[in-house]
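The structure appears right after this line, and notes come after that.
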Amino acid sequence: MKLDELYALLRRRGFLWPTAEIYGGAQGLYDYGPLGTALKRRLEEAWVSWFVGRSPDYYRIEPAEIVPEAVVRASGHLENFTDPEITCDACHATFRAETVLEKVRPNGIDGLAPAQIEEVVRSHQVRCPSCGSTALSVPAAFNLMFDVPFGVARTERAYLLPETAQASYLAFARMWEVGRKALPLGIAVVGRVYRNEIAPRQVLFRLRSFTQAELQIFFDPEEPPGHLGSLADEKVPVLRAERRERGEGSVELVPARELVAGGLPEFYVDHLVHLLRFLRDVLRYPAERIRFFEKSDKERAFYNRLQFDAEVYTESLGGFKEVGAVHYRGEYDLRRHAEGSGKDLSVSRGTDRRLVPHVLELTFGVDRNLWTLADVLLGRDGDRTVFRLPAYLAPVAVGVFPLIAKEHRAVAEALTEQLLAAGIPAEYDEASSIGKRYARMDEAGTPFCVTVDGGTVGEGPEHGTVTLRSRDTKGQERVPAAELVARLAPALRPPRPSGS
RNA sequence: GCGGGCAUAGUGUAGUCUGGUCAUCACAUAGGCUUGCCAAGCCUAUAACCCGGGUUCAAAUCCCGGUGCCCGCACCA
């Protein structure tokens with residue numbers, strides 16, 4: 001579907017709508033309605049189950065959404081707010097761009113975009129003032145944080161959290177104790193973050209307040225987490241940076257073992273495959289719509305040693321869009337916060353080693369994936385509109401209908417109560433024709449519909465049975481009502497990782 | 001942030017150029033009759049000119065400002 005059509009459908013059905021809609025809306029802010037809220041919760045649960053559930057040493061925390069200025073100063077978010085920086089990829093030193101470029105641009109660099117500053121650096125063969133290397137890069141200028149006057153007198157400066165990852169870095173020291181000093185240590189956050197985006201657009205794809213699900217895995221590079229094992233033959237759809245630079249833009253399906261043989265660390269490939277399986281097998285994006293886009297040295301943030309963005313092809317947004325990523329961030333973040341806080345964030349390993357743990361970051365945009373799921377799984381099938389969500393993601397698991405309202409209402413309502421009591425999200429509907437009720441449920445993504453009819457309430461052989469209708473096949477079968485819970489429950493649990 | 005386009009019931013729309021009936025039609029939603037397993041039919045009802053100012057006897061229509069959405073550029077730390 002086109003963007004406008006998909007958005008109208010999601011609005012009409014109460015998945016989401018603009019914040020402060022009656023006042024004309026607010027750029028980059030959307031509210032989730034009943035169906036959207038439920039879908040988002042299930043998406044988050046599925047992510048937690050798949051990623052945090054992978055190891056007993058992975059923990060989920062819930063941080064505050066406001067951080068003191070010192071935090072964003074140490075993380076590098078604040079400095080970039082005002083002055084573009086130049087960083088040296090060789091010695092990791094950081095300088096103000098204006099200072100480094102003083103000689104070649106005596107008039108300053110005001111108004112230049114980071115990419116243009118980088119062009120100046122390259123064309124003048126500028127060298128690192130510290131080590132003399134020409135491997136300089138210019139991180140994009142950051143000006144997107146919401147600042148918050150803090151304290152009763154409003155004299156302290158604080159910021160709305162711009163990325164959940166920072167909260168995990170802040171929690172590392174405490175979690176090192178809580179997790180009883182084990183590496184790898186995983187710290188996951190599913191939470192709201194805030195960025196004052198210059199041009200919010202495309203509904204859920206660039207928001208000013210959105211939800212990230214991120215898992216930071218702190219590990220000892222000598223004992224990295226993850227072994228391919230049985231997943232070594234899994235074919236990964238990759239778009240390698242090197243091939244792109246040669247002008248070959250097509251996706252290759254490369255077995256995981258070959259990516260390792262080609263030089264990528266095994267633990268990194270392991271997590272790429274794990275993410276691939278989540279997108280393909282848990283969220284059910286068609287395999288051909290998924291690709292991993294490798295960012296080159298120049299494209300990725302300087303602190304990332306490796307970066308593959310997970311992208312999914314969307315029709316409404318006209319191409320592959322980033323929905324998640326795997327970043328190997330090295331020790332950059334803990335080192336910065338150790339410097340900023342004055343706390344030693346290195347840990348001891350064995351009897352005579354200390355190290356600052358490295359970080360593997362798995363990121364997942366919850367809102368973006370909600371949109372992408374709708375884009376990919378919500379569509380027309382003949383004259384009906386069907387949202388083919390996996391059952392465990394569906395906002396409503398079962399629609400319960402009386403075939404004839406006044407005759408079957410009581411039994412159908414009682415059945416709805418039984419399902420709800422068993423923890424199955426059920427919704428009763430007696431309005432309009434049976435076909436229209438099925439259609440409404442198809443649109444909402446409800447995988448199952450149960451209809452109470454004359455057979456159910458009669459004394460014949462069908463007594464106590466109902467029809468169970470499948471959203472995807474439209475097929476029906478008669479099932480004893482008493483068996484519904486046992487029948488449906490397994491399909492409603494999100495998959496957990498296995499076999500890796 | 002710059003440039004372009006757009007804004008009419010819940011949804012999609014007609015009307016705007018050329019100001020002048022009660023703002024068109026379909027679907028939707030609610031109630032009733034009928035039917036009784038895939039958006040059926042009939043009757044009734046609900047419901048809109050994005051916001052603010054201006055011009056005019058009269059503004060959905062013309063002008064100004066704002067807000068929002070889409071597209072391109074830039075940005076995406």
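Residues are referred to by chain and number: the chain letter is A, B, ... according to the order shown in the structure tokens, the number counts from 1 in that chain, and ligands are numbered separately from 1 in the order shown.
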Which residues, written as a list in words, have at least one atom at most 10 Å from Gly365 in chain A, with only C-alpha atoms (C1' of nucleotides) counted and residues fewer than 3 positions away on the same chain left out?
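Here the answer would be Glu44, Val190, Leu204, Phe205, Phe210, Thr211, Gln212, Ala213, Glu214, Glu322, Val323, Gly324, Ala325, Arg368, Asn369 and Leu370 of chain A.
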Would you pick out the contacts of Pro390 in chain A at 12 Å or less, using only C-alpha atoms (C1' of nucleotides), so that residues sharing its chain but fewer than 4 positions from it are not included, and give the list as a PyMOL selection string?
chain A and resi 39+42-43+46+279-285+373-374+377-378+394-397+445-448+471-472+491-495
For the residues selected in the previous step, produce a file with C-alpha atoms as a PDB file, in the first residue's frame.
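Produced file out10.pdb, reproduced below:
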```pdb
ATOM      1  CA  LEU A  39       0.772  -4.691  18.868  1.00  0.00           C
ATOM      2  CA  ARG A  42       3.679  -7.812  21.822  1.00  0.00           C
ATOM      3  CA  LEU A  43       6.459  -6.720  19.527  1.00  0.00           C
ATOM      4  CA  ALA A  46       8.803 -10.908  21.273  1.00  0.00           C
ATOM      5  CA  LEU A 279      13.175 -10.706  11.492  1.00  0.00           C
ATOM      6  CA  ARG A 280      12.431 -13.664   9.247  1.00  0.00           C
ATOM      7  CA  ASP A 281      11.177 -16.389  11.578  1.00  0.00           C
ATOM      8  CA  VAL A 282       9.667 -14.433  14.456  1.00  0.00           C
ATOM      9  CA  LEU A 283       8.331 -11.282  12.810  1.00  0.00           C
ATOM     10  CA  ARG A 284       7.809 -13.142   9.517  1.00  0.00           C
ATOM     11  CA  TYR A 285       9.230 -10.614   7.127  1.00  0.00           C
ATOM     12  CA  LEU A 373       5.014  -5.049   9.813  1.00  0.00           C
ATOM     13  CA  ALA A 374       1.904  -3.216   8.685  1.00  0.00           C
ATOM     14  CA  LEU A 377       1.874  -8.025   6.316  1.00  0.00           C
ATOM     15  CA  LEU A 378      -1.195  -5.833   5.855  1.00  0.00           C
ATOM     16  CA  ALA A 394      -1.806 -10.025  17.069  1.00  0.00           C
ATOM     17  CA  PRO A 395      -3.518  -7.429  19.288  1.00  0.00           C
ATOM     18  CA  VAL A 396      -6.571  -9.656  19.501  1.00  0.00           C
ATOM     19  CA  ALA A 397      -6.027 -13.405  19.374  1.00  0.00           C
ATOM     20  CA  GLY A 445      -4.826  -9.027  12.336  1.00  0.00           C
ATOM     21  CA  THR A 446      -6.859 -11.377  14.524  1.00  0.00           C
ATOM     22  CA  PRO A 447      -5.707 -14.875  13.589  1.00  0.00           C
ATOM     23  CA  PHE A 448      -8.716 -16.808  14.884  1.00  0.00           C
ATOM     24  CA  ARG A 471      -7.712 -15.740   9.170  1.00  0.00           C
ATOM     25  CA  ASP A 472      -5.190 -16.816   6.572  1.00  0.00           C
ATOM     26  CA  ALA A 491       0.473 -20.289  18.970  1.00  0.00           C
ATOM     27  CA  LEU A 492       0.225 -17.232  21.210  1.00  0.00           C
ATOM     28  CA  ARG A 493       3.642 -17.552  22.828  1.00  0.00           C
ATOM     29  CA  PRO A 494       6.476 -15.750  21.054  1.00  0.00           C
ATOM     30  CA  PRO A 495       9.349 -18.016  19.969  1.00  0.00           C
TER      31      PRO A 495
END
```
Set the cut-off to 8 Å and count only C-alpha atoms (C1' of nucleotides): what are the residues of chain B that reach chain A? Output as a ChimeraX atom specification.
/B:1,10-11,36-39,50-51,67-68,75,77
Go through A:His124, A:Met441, A:Leu415, A:Ser498 and flag the residue nearest Pro480 in chain A, using only C-alpha atoms for the distances.
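Counting only C-alpha atoms, the residue closest to Pro480 in chain A is A:Leu415.
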Residue set, range 46-78 of chain A restricted to strand (DSSP E or B), as number ranges by chain
A: 58-61, 66-68
Generate a file of the selected residues that holds N, CA, C and O atoms, formatted as a compact mmCIF listing (two decimals), in the first residue's frame.
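Written file, part-v2.txt:
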```
# COMPACT_ATOMS: atom_id res chain seq x y z
N TYR A 58 21.88 -12.12 30.56
CA TYR A 58 21.33 -10.93 29.91
C TYR A 58 20.15 -10.44 30.75
O TYR A 58 19.28 -11.23 31.11
N TYR A 59 20.16 -9.15 31.03
CA TYR A 59 19.15 -8.59 31.93
C TYR A 59 18.46 -7.41 31.27
O TYR A 59 19.05 -6.67 30.51
N ARG A 60 17.19 -7.25 31.63
CA ARG A 60 16.46 -6.07 31.15
C ARG A 60 16.33 -5.08 32.29
O ARG A 60 15.97 -5.47 33.41
N ILE A 61 16.60 -3.83 32.02
CA ILE A 61 16.44 -2.80 33.04
C ILE A 61 15.51 -1.71 32.50
O ILE A 61 15.21 -1.67 31.29
N ILE A 66 15.47 10.95 31.78
CA ILE A 66 16.18 12.23 31.84
C ILE A 66 17.56 11.95 32.41
O ILE A 66 17.69 11.21 33.39
N VAL A 67 18.58 12.50 31.78
CA VAL A 67 19.93 12.30 32.30
C VAL A 67 20.61 13.65 32.51
O VAL A 67 20.35 14.61 31.78
N PRO A 68 21.48 13.72 33.53
CA PRO A 68 22.23 14.95 33.80
C PRO A 68 23.16 15.29 32.63
O PRO A 68 23.57 14.41 31.88
```
Would you list the contacts of Leu170 in chain A as a list in words, taking every protein, DNA or RNA residue within 10 Å and counting only C-alpha atoms (C1' of nucleotides), but skipping same-chain residues closer than 6 positions in sequence?
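So, after excluding close chain neighbours, the residues are Pro63, Val67, Val71, Asp333, Leu334, His337, Ala338 and Ser341 of chain A.
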If you count only C-alpha atoms (C1' of nucleotides), which residues fall within 12 Å of Ser230 in chain A, apart from same-chain ones fewer than 4 positions away, as a list in words?
Gly226, Glu234, Pro255, Ala256, Arg257, Asp270, Val273, His274, Ser498, Gly499 and Ser500 of chain A
Neighbouring residues of C43 in chain B were defined as those with any atom within 12 Å, considering only C-alpha atoms (C1' of nucleotides); residues of the same chain fewer than 6 positions away were excluded. Please report them as an MDAnalysis selection string.
chainID B and resid 31:34
Using only N, CA and C atoms (P, O5', C5', C4', C3', O3' and C1' of nucleotides), please write the residues we just selected to a file, as an mmCIF file, in the first residue's frame.
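Wrote it out as part-v9.cif, contents follow:
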```cif
data_model
loop_
_atom_site.group_PDB
_atom_site.id
_atom_site.type_symbol
_atom_site.label_atom_id
_atom_site.label_comp_id
_atom_site.auth_asym_id
_atom_site.auth_seq_id
_atom_site.Cartn_x
_atom_site.Cartn_y
_atom_site.Cartn_z
ATOM 1 P P G B 31 -26.354 -0.424 17.474
ATOM 2 O "O5'" G B 31 -27.835 0.044 17.123
ATOM 3 C "C5'" G B 31 -28.600 0.748 18.090
ATOM 4 C "C4'" G B 31 -29.930 1.148 17.513
ATOM 5 C "C3'" G B 31 -30.732 0.031 16.859
ATOM 6 O "O3'" G B 31 -31.405 -0.791 17.794
ATOM 7 C "C1'" G B 31 -30.753 1.928 15.466
ATOM 8 P P G B 32 -31.736 -2.277 17.398
ATOM 9 O "O5'" G B 32 -32.873 -2.117 16.285
ATOM 10 C "C5'" G B 32 -34.158 -1.622 16.651
ATOM 11 C "C4'" G B 32 -35.037 -1.499 15.432
ATOM 12 C "C3'" G B 32 -35.248 -2.770 14.625
ATOM 13 O "O3'" G B 32 -36.205 -3.629 15.209
ATOM 14 C "C1'" G B 32 -34.776 -0.983 13.157
ATOM 15 P P C B 33 -36.093 -5.213 14.982
ATOM 16 O "O5'" C B 33 -36.537 -5.390 13.456
ATOM 17 C "C5'" C B 33 -37.875 -5.118 13.074
ATOM 18 C "C4'" C B 33 -38.025 -5.276 11.579
ATOM 19 C "C3'" C B 33 -37.589 -6.612 11.004
ATOM 20 O "O3'" C B 33 -38.556 -7.636 11.163
ATOM 21 C "C1'" C B 33 -36.718 -4.862 9.675
ATOM 22 P P U B 34 -38.071 -9.111 11.445
ATOM 23 O "O5'" U B 34 -37.324 -9.506 10.094
ATOM 24 C "C5'" U B 34 -38.062 -9.674 8.884
ATOM 25 C "C4'" U B 34 -37.131 -9.831 7.713
ATOM 26 C "C3'" U B 34 -36.157 -11.003 7.795
ATOM 27 O "O3'" U B 34 -36.742 -12.236 7.418
ATOM 28 C "C1'" U B 34 -34.994 -9.050 7.124
#
```
Residue set, range 23-169 of chain A restricted to alpha helix (DSSP H), as a VMD selection string
chain A and resid 34 to 51 69 to 75 79 to 82 97 to 100 114 to 123 164 to 169
Using CA of Arg96 in chain A and CA of Val126 in chain A as the two end points, give the distance in Å to one decimal.
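Distance reported for this atom pair: 13.4 Å.
Using only C-alpha atoms (C1' of nucleotides), the shortest contact distance between G19 in chain B and any of B:A40, B:C62, B:A7, B:A48 is found at B:C62.
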With only C-alpha atoms (C1' of nucleotides) as the counted atoms, please give the residues lying no more than 12 Å from range 21-25 of chain B, apart from itself and same-chain residues fewer than 6 positions off, as a PyMOL selection string.
chain B and resi 8-9+12-15+48-49+60-61
